[in-house]
file entry20.cif (mmCIF, C-alpha atoms)
data_upload
#
loop_
_atom_site.label_atom_id
_atom_site.label_comp_id
_atom_site.auth_asym_id
_atom_site.auth_seq_id
_atom_site.Cartn_x
_atom_site.Cartn_y
_atom_site.Cartn_z
CA MET R 300 93.80 128.85 93.69
CA CYS R 301 94.72 125.43 92.37
CA PHE R 302 92.13 123.27 90.71
CA GLY R 303 91.69 119.62 89.82
CA THR R 304 91.97 117.79 86.54
CA SER R 305 89.20 119.83 84.87
CA SER R 306 90.25 123.25 86.21
CA GLY R 307 87.39 123.23 88.71
CA ARG R 308 84.62 122.93 86.11
CA TRP R 309 81.47 120.92 86.81
CA THR R 310 82.46 118.52 84.00
CA GLN R 311 84.95 117.04 86.44
CA LEU R 312 81.98 115.27 88.02
CA LEU R 313 81.27 113.40 84.75
CA HIS R 314 83.40 110.42 85.71
CA PHE R 315 82.46 107.05 87.15
CA GLY R 316 84.10 107.85 90.51
CA PRO R 317 82.17 111.02 91.43
CA ILE R 318 78.96 109.63 89.90
CA ILE R 319 79.08 106.44 91.99
CA THR R 320 80.04 108.36 95.13
CA ILE R 321 77.24 110.90 94.79
CA VAL R 322 74.70 108.16 94.00
CA ILE R 323 75.68 106.16 97.10
CA ILE R 324 75.51 109.23 99.35
CA SER R 325 72.13 110.17 97.85
CA ILE R 326 70.65 106.69 98.34
CA VAL R 327 71.82 106.40 101.95
CA SER R 328 70.76 109.96 102.80
CA TYR R 329 67.33 109.79 101.15
CA SER R 330 66.54 106.38 102.67
CA SER R 331 67.61 107.51 106.13
CA ILE R 332 65.55 110.71 106.00
CA PHE R 333 62.50 108.85 104.69
CA PHE R 334 62.60 106.16 107.38
CA HIS R 335 63.48 108.67 110.08
CA LEU R 336 60.25 110.52 109.34
CA VAL R 337 58.35 107.23 109.59
CA TRP R 338 60.14 105.73 112.58
CA TRP R 339 60.65 108.94 114.57
CA PRO R 340 58.40 111.68 113.15
CA PRO R 341 59.17 115.32 114.05
CA THR R 342 56.82 115.45 117.02
CA SER R 343 59.44 115.82 119.76
CA VAL R 344 62.63 117.72 120.50
CA GLY R 345 64.66 114.52 120.32
CA SER R 346 63.43 113.85 116.79
CA TYR R 347 64.44 117.33 115.62
CA ILE R 348 67.87 117.01 117.24
CA ASP R 349 68.53 113.57 115.77
CA MET R 350 67.46 114.68 112.30
CA GLY R 351 69.55 117.83 112.58
CA VAL R 352 72.64 115.87 113.60
CA PHE R 353 72.22 113.48 110.67
CA LEU R 354 71.76 116.32 108.17
CA THR R 355 74.88 117.94 109.62
CA TRP R 356 76.92 114.82 108.84
CA VAL R 357 75.58 114.85 105.28
CA ALA R 358 76.32 118.55 104.77
CA ILE R 359 79.87 118.37 106.16
CA THR R 360 80.61 115.23 104.14
CA MET R 361 79.40 116.75 100.87
CA TYR R 362 81.13 120.07 101.54
CA ASN R 363 84.53 118.46 102.02
CA TYR R 364 83.96 116.05 99.12
CA PHE R 365 83.25 118.81 96.61
CA LYS R 366 86.02 120.97 98.02
CA ALA R 367 88.52 118.11 97.61
CA ILE R 368 87.40 117.84 93.97
CA PHE R 369 87.29 121.48 92.91
CA VAL R 370 90.18 122.89 94.97
CA GLY R 371 92.41 120.11 93.68
CA PRO R 372 95.86 119.05 94.88
CA GLY R 373 97.80 121.94 93.39
CA PHE R 374 99.78 121.59 90.18
CA VAL R 375 103.32 122.72 89.46
CA PRO R 376 103.08 125.32 86.65
CA LEU R 377 104.04 124.09 83.21
CA GLY R 378 107.65 124.87 82.42
CA TRP R 379 108.42 125.74 86.05
CA LYS R 380 112.00 126.50 87.04
CA PRO R 381 113.36 127.20 90.54
CA PRO R 382 114.05 130.89 91.29
CA ASN R 383 117.72 130.06 91.78
CA PRO R 384 119.10 128.48 88.57
CA SER R 385 121.79 126.65 90.55
CA ASP R 386 119.06 124.57 92.22
CA GLU R 387 118.14 122.93 88.92
CA GLN R 388 120.88 120.34 89.39
CA TYR R 389 119.08 119.01 92.48
CA LEU R 390 115.65 118.66 90.84
CA GLN R 391 114.10 116.17 88.47
CA PHE R 392 112.99 117.37 85.03
CA CYS R 393 109.58 116.39 83.67
CA ASN R 394 109.66 115.84 79.92
CA ILE R 395 105.86 116.07 79.67
CA CYS R 396 105.34 119.30 81.62
CA LYS R 397 108.62 120.67 80.19
CA GLY R 398 109.68 121.93 83.58
CA TYR R 399 111.30 120.92 86.84
CA LYS R 400 109.49 119.06 89.57
CA SER R 401 109.40 120.95 92.84
CA PRO R 402 110.40 118.99 95.97
CA ARG R 403 107.81 116.34 96.91
CA SER R 404 105.99 116.69 93.58
CA HIS R 405 105.42 113.83 91.14
CA HIS R 406 103.93 113.53 87.69
CA CYS R 407 100.46 111.97 87.49
CA ARG R 408 99.64 110.20 84.23
CA LYS R 409 95.89 110.58 84.83
CA CYS R 410 95.99 114.33 85.53
CA ASN R 411 98.87 114.73 83.04
CA ARG R 412 100.48 117.27 85.36
CA CYS R 413 103.10 117.39 88.08
CA VAL R 414 101.24 117.38 91.40
CA MET R 415 102.44 119.11 94.58
CA LYS R 416 103.04 116.63 97.42
CA MET R 417 101.23 113.92 95.49
CA ASP R 418 99.88 111.09 97.63
CA HIS R 419 97.82 109.18 95.05
CA HIS R 420 95.34 109.66 92.24
CA CYS R 421 91.87 109.01 93.61
CA PRO R 422 89.22 107.97 91.06
CA TRP R 423 86.43 108.77 93.54
CA ILE R 424 87.25 112.50 93.37
CA ASN R 425 88.60 112.30 89.81
CA THR R 426 91.81 114.08 90.70
CA CYS R 427 94.89 113.60 92.82
CA CYS R 428 95.08 113.82 96.58
CA GLY R 429 97.87 116.27 97.24
CA HIS R 430 99.02 119.40 99.02
CA HIS R 431 95.95 121.66 98.81
CA ASN R 432 93.12 119.12 99.12
CA HIS R 433 94.63 116.50 101.45
CA ALA R 434 92.93 117.93 104.56
CA ASN R 435 89.50 118.11 102.89
CA PHE R 436 89.91 114.58 101.56
CA ILE R 437 90.63 113.28 105.07
CA TYR R 438 87.71 115.26 106.52
CA PHE R 439 85.51 113.56 103.93
CA LEU R 440 86.91 110.15 104.94
CA PHE R 441 86.22 110.98 108.60
CA PHE R 442 82.65 112.28 108.37
CA ALA R 443 81.38 109.83 105.74
CA PRO R 444 81.67 106.76 108.05
CA ILE R 445 80.13 108.72 110.95
CA GLY R 446 77.14 109.66 108.80
CA CYS R 447 76.85 106.07 107.52
CA LEU R 448 76.93 104.70 111.07
CA HIS R 449 74.14 107.09 112.03
CA ALA R 450 72.20 106.05 108.93
CA SER R 451 72.69 102.38 109.80
CA VAL R 452 71.11 102.94 113.21
CA ILE R 453 68.12 104.76 111.72
CA LEU R 454 67.57 102.16 108.99
CA SER R 455 68.12 99.17 111.29
CA CYS R 456 65.61 100.46 113.84
CA SER R 457 63.11 101.14 111.07
CA ILE R 458 63.52 97.64 109.61
CA TYR R 459 63.10 96.10 113.05
CA ARG R 460 59.94 98.11 113.73
CA ALA R 461 58.58 97.22 110.28
CA LEU R 462 59.19 93.49 110.71
CA PHE R 463 57.55 93.48 114.17
CA SER R 464 54.92 96.13 113.50
CA GLU R 465 52.08 93.86 114.61
CA TRP R 466 53.58 93.68 118.09
CA HIS R 467 54.78 97.27 118.36
CA MET R 468 51.44 98.76 117.38
CA PHE R 469 50.09 97.73 120.80
CA PHE R 470 53.05 98.97 122.88
CA VAL R 471 54.91 101.63 120.89
CA SER R 472 53.62 104.63 119.06
CA PRO R 473 54.22 105.38 116.25
CA PHE R 474 54.85 102.04 114.55
CA VAL R 475 56.46 101.55 111.14
CA ARG R 476 54.36 100.11 108.35
CA ILE R 477 56.11 99.99 104.95
CA THR R 478 55.71 98.21 101.62
CA LEU R 479 57.93 95.47 100.27
CA PHE R 480 59.67 97.99 98.00
CA HIS R 481 60.54 100.23 100.94
CA LEU R 482 61.79 97.24 102.92
CA LEU R 483 64.12 96.23 100.08
CA MET R 484 65.25 99.84 99.74
CA ALA R 485 66.07 99.96 103.46
CA LEU R 486 68.03 96.69 103.32
CA PHE R 487 69.99 97.92 100.29
CA ALA R 488 70.74 101.25 101.97
CA VAL R 489 71.93 99.50 105.15
CA GLY R 490 74.27 97.36 103.08
CA LEU R 491 75.68 100.45 101.37
CA ALA R 492 76.09 102.27 104.67
CA ILE R 493 77.93 99.40 106.33
CA GLY R 494 80.11 98.86 103.25
CA VAL R 495 81.05 102.54 103.11
CA THR R 496 81.84 102.55 106.83
CA LEU R 497 84.24 99.63 106.51
CA ALA R 498 85.89 100.62 103.23
CA VAL R 499 86.20 104.36 103.89
CA GLY R 500 87.15 103.75 107.52
CA PHE R 501 90.04 101.56 106.39
CA LEU R 502 91.18 104.24 103.92
CA LEU R 503 90.95 106.83 106.71
CA CYS R 504 93.33 104.74 108.85
CA VAL R 505 95.78 104.52 105.94
CA GLN R 506 95.64 108.26 105.33
CA MET R 507 96.02 109.17 109.00
CA ARG R 508 99.06 106.91 109.22
CA SER R 509 100.59 108.88 106.36
CA VAL R 510 99.72 112.20 108.01
CA ILE R 511 101.20 111.20 111.36
CA LYS R 512 104.44 110.21 109.62
CA ASN R 513 104.25 113.18 107.22
CA GLU R 514 104.96 110.98 104.24
CA THR R 515 102.83 110.35 101.17
CA GLY R 516 102.22 106.93 99.69
CA ILE R 517 104.85 107.59 97.02
CA GLU R 518 107.36 108.80 99.60
CA GLY R 519 106.78 105.58 101.53
CA TRP R 520 108.10 103.64 98.53
CA ILE R 521 111.08 105.97 98.24
CA ILE R 522 111.91 105.49 101.93
CA ALA R 523 111.69 101.71 101.63
CA LYS R 524 114.12 101.71 98.70
CA ALA R 525 116.41 104.19 100.46
CA ILE R 526 116.71 101.89 103.47
CA SER R 527 117.21 98.70 101.46
CA ARG R 528 119.69 99.88 98.84
CA PRO R 529 123.47 99.82 99.45
CA ARG R 530 124.72 103.16 100.78
CA SER R 531 127.66 104.62 102.67
CA ASP R 532 125.62 106.97 104.88
CA GLN R 533 122.48 106.70 107.01
CA PHE R 534 119.25 107.83 105.38
CA VAL R 535 117.28 110.51 107.25
CA TYR R 536 113.75 111.30 106.13
CA PRO R 537 113.72 115.12 106.03
CA TYR R 538 110.01 115.74 106.67
CA ASN R 539 109.39 113.75 109.87
CA LEU R 540 108.99 116.63 112.34
CA GLY R 541 107.32 114.65 115.12
CA LYS R 542 103.74 113.37 115.30
CA TRP R 543 101.98 116.57 116.36
CA ASN R 544 104.01 118.79 114.04
CA ASN R 545 103.38 116.35 111.22
CA ILE R 546 99.62 116.59 111.81
CA GLN R 547 99.89 120.38 111.87
CA GLU R 548 101.56 120.29 108.45
CA VAL R 549 98.26 119.10 106.95
CA PHE R 550 95.53 120.52 109.21
CA ASP R 551 97.20 123.45 111.04
CA PHE R 552 94.69 123.49 113.92
CA GLY R 553 94.44 126.90 115.53
CA GLY R 554 96.27 128.62 112.70
CA GLU R 555 94.98 129.58 109.27
CA TRP R 556 93.44 126.11 108.80
CA GLN R 557 95.53 125.78 105.67
CA PRO R 558 98.24 123.21 104.94
CA LYS R 559 101.73 124.40 105.70
CA GLY R 560 104.26 124.74 102.93
CA THR R 561 104.05 126.57 99.65
CA GLY R 562 104.17 123.53 97.39
CA TYR R 563 107.77 124.48 96.55
CA THR R 564 109.37 124.67 99.99
CA TRP R 565 108.67 122.62 103.13
CA ASN R 566 109.62 122.45 106.77
CA VAL R 567 112.48 119.99 107.22
CA VAL R 568 114.33 118.48 110.17
CA PRO R 569 117.62 120.11 111.24
CA GLY R 570 120.55 118.96 109.15
CA CYS R 571 118.49 118.45 105.97
CA ASN R 572 117.83 120.80 103.10
CA GLN R 573 114.93 121.21 100.69
CA PHE R 574 116.46 118.81 98.18
CA ALA R 575 117.37 115.92 100.51
CA LEU R 576 114.61 113.60 99.31
CA THR R 577 114.97 114.69 95.68
CA ASN R 578 118.68 113.84 95.80
CA GLU R 579 117.76 110.42 97.16
CA GLN R 580 115.38 109.92 94.24
CA LEU R 581 118.08 110.86 91.74
CA GLU R 582 120.51 108.44 93.37
CA GLN R 583 117.90 105.68 93.32
CA LYS R 584 117.33 106.26 89.61
CA ASP R 585 121.06 106.05 88.94
CA PHE R 586 121.23 102.84 90.97
CA LYS R 587 118.25 101.51 89.04
CA ARG R 588 119.90 102.29 85.70
CA GLN R 589 123.07 100.53 86.80
CA ARG R 590 121.13 97.38 87.63
CA SER R 591 118.94 97.49 84.52
CA VAL R 592 119.53 94.91 81.81
CA PRO R 593 119.07 95.44 78.06
CA CYS R 594 117.04 92.63 76.51
CA ARG R 595 115.98 91.83 72.99
CA VAL R 596 112.27 91.34 72.27
CA GLU R 597 111.66 87.86 70.85
CA ARG R 598 107.85 87.98 70.84
CA SER R 599 105.53 90.88 70.10
CA TYR R 600 103.01 92.16 72.64
CA ASN R 601 100.07 94.47 71.90
CA GLY R 602 99.87 96.07 75.34
CA ARG R 603 96.57 94.50 76.41
CA TRP R 604 95.93 94.03 80.12
CA LEU R 605 94.64 90.50 79.52
CA PRO R 606 97.16 88.78 77.22
CA LEU R 607 95.26 85.55 76.58
CA SER R 608 97.79 84.26 74.05
CA PHE R 609 100.55 84.12 76.69
CA GLY R 610 98.83 81.48 78.81
CA CYS R 611 97.01 81.26 82.12
CA ARG R 612 100.07 81.82 84.32
CA VAL R 613 100.76 85.20 82.73
CA LEU R 614 97.06 86.07 82.66
CA PHE R 615 96.40 85.44 86.35
CA SER R 616 99.71 86.70 87.77
CA PHE R 617 99.51 90.24 86.39
CA PRO R 618 101.20 92.98 88.46
CA CYS R 619 98.82 94.66 90.90
CA SER R 620 99.58 98.16 89.67
CA ASP R 621 97.89 100.80 87.54
CA GLU R 622 101.15 101.36 85.67
CA GLN R 623 100.76 101.15 81.94
CA ARG R 624 101.44 98.11 79.76
CA MET R 625 103.98 98.66 77.00
CA PRO R 626 103.40 97.23 73.51
CA VAL R 627 106.56 95.94 71.82
CA ARG R 628 107.51 94.37 68.51
CA GLU R 629 109.89 91.56 67.80
CA GLY R 630 113.43 92.82 67.31
CA GLN R 631 113.12 95.88 69.55
CA TRP R 632 115.31 96.40 72.61
CA ILE R 633 114.13 97.27 76.10
CA LEU R 634 115.97 98.17 79.29
CA VAL R 635 114.50 95.91 81.99
CA SER R 636 114.59 97.31 85.52
CA ARG R 637 112.17 94.98 87.35
CA PHE R 638 111.83 91.24 87.02
CA ARG R 639 108.90 89.19 88.27
CA ARG R 640 108.11 85.58 87.71
CA HIS R 641 105.91 86.14 84.66
CA TRP R 642 106.17 89.89 84.05
CA ILE R 643 108.92 92.48 83.58
CA TYR R 644 109.04 96.25 83.68
CA GLY R 645 111.25 98.15 81.29
CA ALA R 646 111.75 101.11 78.98
CA LEU R 647 111.95 101.00 75.22
CA LEU R 648 115.37 101.83 73.77
CA ASP R 649 116.06 103.85 70.65
CA GLU R 650 118.78 103.19 68.07
CA ASN R 651 121.38 104.78 70.36
CA GLN R 652 120.40 102.55 73.30
CA GLN R 653 118.80 105.47 75.12
CA PRO R 654 115.43 105.09 76.87
CA ILE R 655 112.59 106.76 74.97
CA ASP R 656 110.56 109.23 77.02
CA GLU R 657 107.27 107.81 78.32
CA GLN R 658 107.85 104.52 76.50
CA HIS R 659 107.94 102.26 79.51
CA GLY R 660 105.66 99.80 81.26
CA TRP R 661 104.91 96.16 82.04
CA LEU R 662 105.00 93.32 79.54
CA PRO R 663 105.01 89.51 79.78
CA ARG R 664 108.39 87.99 80.53
CA LYS R 665 107.94 85.57 77.65
CA CYS R 666 108.45 88.49 75.28
CA ILE R 667 112.19 88.74 75.88
CA ARG R 668 115.24 86.57 75.57
CA GLU R 669 116.19 85.70 79.13
CA PRO R 670 119.56 87.08 80.29
CA GLN R 671 121.89 84.32 81.50
CA MET R 672 125.34 84.35 83.00
CA TYR R 673 126.73 81.82 80.57
CA ASP R 674 125.11 83.48 77.55
CA PRO R 675 125.71 87.25 77.67
CA ILE R 676 122.93 89.37 76.36
CA ASP R 677 123.37 90.60 72.86
CA THR R 678 123.24 94.32 72.36
CA PRO R 679 122.58 96.37 69.22
CA GLU R 680 126.32 97.09 68.99
CA LYS R 681 127.14 93.40 69.28
CA ASP R 682 124.64 92.58 66.54
CA ALA R 683 126.23 95.21 64.37
CA ASP R 684 129.73 93.88 65.06
CA GLN R 685 128.63 90.35 64.14
CA THR R 686 127.11 91.65 60.92
CA HIS R 687 130.33 93.45 60.00
CA SER R 688 132.43 90.41 60.83
CA LYS R 689 130.30 88.27 58.53
CA GLU R 690 130.66 90.83 55.77
CA ASP R 691 134.43 90.86 56.24
#
call {"tool": "encode", "arguments": {"input": "entry20.cif", "output": "structure tokens"}}
result
Amino acid sequence: MCFGTSSGRWTQLLHFGPIITIVIISIVSYSSIFFHLVWWPPTSVGSYIDMGVFLTWVAITMYNYFKAIFVGPGFVPLGWKPPNPSDEQYLQFCNICKGYKSPRSHHCRKCNRCVMKMDHHCPWINTCCGHHNHANFIYFLFFAPIGCLHASVILSCSIYRALFSEWHMFFVSPFVRITLFHLLMALFAVGLAIGVTLAVGFLLCVQMRSVIKNETGIEGWIIAKAISRPRSDQFVYPYNLGKWNNIQEVFDFGGEWQPKGTGYTWNVVPGCNQFALTNEQLEQKDFKRQRSVPCRVERSYNGRWLPLSFGCRVLFSFPCSDEQRMPVREGQWILVSRFRRHWIYGALLDENQQPIDEQHGWLPRKCIREPQMYDPIDTPEKDADQTHSKED
């Protein structure tokens, strides 16, 4: 059994994501049950059925939510190596976990582990969405909007009856008579229910698109770079088995109701092997290193997300990414791999011009000396040569 970031302990719920999620579900559920008993008391078969259906949505939603949290995505064991030592050349090595990354796995900075078939780190479940909990996460995304839609109907009807209670008391029985506090509570709960329906429904569409294509969010970026970069062959995504087979990879309807794949091996299209996408990643990293530019830091940066001292343009054009910011000092060297108008992404270099592990991130572009064609970038070796020439 694979667990989440806290090894399946209840302390995993002590995070803003699970707390907010549970509070929202509790408010919507409690308000709906309260107003259902007022608007449609349990005096008929229809009332019992409607209440039972609503409680079913709540139970299924909470079951899949907690299962997505405590089952977790599945982590590659620390120090993992492939059974066949010759396969190590096709895999990426994780310097933090001190082991190789299995195919389709990626290292998560929040979980601090390599995650099997990592799609993204979700703060609302306080762990990653990956191989083992992807199906439960999508079930949660599916049933939560259904329950919120049902709650919206109950609350809306109750509010309508409460606002027009003077009229309904003569024609409809029972009528709803509530206090101002209960009316505000109902309006707030309706707003939450509608907001959850829209937000979670949109996320469900995004996730189902990934399932139908059998590619995670991270793999989508890899595919985009594979198509756009110069290459001598045609890129073939190895895990696109067809829409229905792709869906079966996650849900496996009619089988064991478990995701297919072991977390180390996966079903691939004919003509591809287990390391096809990993090889593409390694080639992309080599291509990225070839295009990277060493730059000297001319202005220190403390790594804050809101660098007020760099001006409004830098402050309001920050990269929309949860990637870390890298503090630097004047005189250091960084290997820049991504340039934006006001920000750059790079890795800190040591004395031998080698990237330092886990010392990479975003920093304002004003920190570096801009590389120009007519003014080649100085390097540590060039600085040393100039020093020696002056001494001579």
call {"tool": "resolve_selection", "arguments": {"input": "entry20.cif", "expression": "the PyMOL selection byres ((chain R and resi 634-644) around 7)", "output": "ChimeraX atom specification"}}
result
/R:587,590-594,613,616,632-633,645-648,660-664
call {"tool": "atom_distance", "arguments": {"input": "entry20.cif", "atom1": "CA of Val357 (chain R)", "atom2": "CA of Leu491 (chain R)"}}
result
14.9 Å
call {"tool": "resolve_selection", "arguments": {"input": "entry20.cif", "expression": "the PyMOL selection byres ((chain R and resi 427) around 9)", "output": "JSON, numbers by chain"}}
result
{"R": [303, 304, 368, 371, 372, 373, 407, 409, 410, 414, 417, 418, 419, 420, 421, 422, 424, 425, 426, 428, 429, 432]}
call {"tool": "atom_distance", "arguments": {"input": "entry20.cif", "atom1": "CA of Leu486 (chain R)", "atom2": "CA of Phe333 (chain R)"}}
result
13.4 Å
call {"tool": "residues_around", "arguments": {"input": "entry20.cif", "residues": "Tyr399 (chain R)", "least_positions_apart": "6", "cutoff": "10 Å", "atoms": "only C-alpha atoms", "output": "list in words"}}
result
Val375, Pro376, Leu377, Gly378, Trp379, Lys380, Pro381, Glu387, Gln388, Tyr389, Leu390, Gln391, Phe392, Cys393 and Cys413 of chain R
call {"tool": "residues_around", "arguments": {"input": "entry20.cif", "residues": "region 507-512 of chain R", "least_positions_apart": "2", "cutoff": "8 Å", "atoms": "all atoms listed in the file", "output": "list in words"}}
result
Ile437, Leu503, Cys504, Val505, Glu514, Thr515, Gly516, Asn539, Gly541, Lys542, Trp543, Asn545, Ile546 and Val549 of chain R
call {"tool": "closest_residue", "arguments": {"input": "entry20.cif", "among": "R:Phe365, R:Trp520, R:Phe609, R:Tyr563", "to": "Pro382 (chain R)", "atoms": "only C-alpha atoms"}}
result
R:Tyr563
call {"tool": "atom_distance", "arguments": {"input": "entry20.cif", "atom1": "CA of Glu597 (chain R)", "atom2": "CA of Glu629 (chain R)"}}
result
5.1 Å
call {"tool": "closest_residue", "arguments": {"input": "entry20.cif", "among": "R:Phe550, R:Trp604, R:Trp423, R:Tyr538", "to": "His314 (chain R)", "atoms": "all atoms listed in the file"}}
result
R:Trp423
call {"tool": "closest_residue", "arguments": {"input": "entry20.cif", "among": "R:Asn513, R:Gln623, R:Asn601, R:Ser451", "to": "Ser330 (chain R)", "atoms": "all atoms listed in the file"}}
result
R:Ser451
call {"tool": "resolve_selection", "arguments": {"input": "entry20.cif", "expression": "the PyMOL selection byres ((chain R and resi 442) around 10)", "output": "ChimeraX atom specification"}}
result
/R:355-361,363,437-441,443-448,496,499-500
call {"tool": "residues_around", "arguments": {"input": "entry20.cif", "residues": "Ile458 (chain R)", "least_positions_apart": "6", "cutoff": "12 Å", "atoms": "all atoms listed in the file", "output": "PyMOL selection string"}}
result
chain R and resi 330-331+334-335+337-338+451-452+464+474-479+481-489
call {"tool": "residues_near_point", "arguments": {"input": "entry20.cif", "point": "(107.0, 122.9, 95.1)", "cutoff": "6 Å", "atoms": "all atoms listed in the file", "output": "list in words"}}
result
Ser401, Pro402, Met415, Gly562, Tyr563 and Thr564 of chain R
call {"tool": "closest_residue", "arguments": {"input": "entry20.cif", "among": "R:Ile395, R:Val352, R:Ala450, R:Ile323", "to": "Asp656 (chain R)", "atoms": "only C-alpha atoms"}}
result
R:Ile395
call {"tool": "closest_residue", "arguments": {"input": "entry20.cif", "among": "R:Cys666, R:Leu312, R:Leu462, R:Ile348", "to": "Val596 (chain R)", "atoms": "all atoms listed in the file"}}
result
R:Cys666
call {"tool": "closest_residue", "arguments": {"input": "entry20.cif", "among": "R:Ser325, R:Leu540, R:Glu669, R:Asn394", "to": "Ile655 (chain R)", "atoms": "only C-alpha atoms"}}
result
R:Asn394
call {"tool": "residues_near_point", "arguments": {"input": "entry20.cif", "point": "(100.8, 96.9, 75.9)", "cutoff": "6 Å", "atoms": "all atoms listed in the file", "output": "list in words"}}
result
Asn601, Gly602, Arg603, Arg624, Met625 and Pro626 of chain R
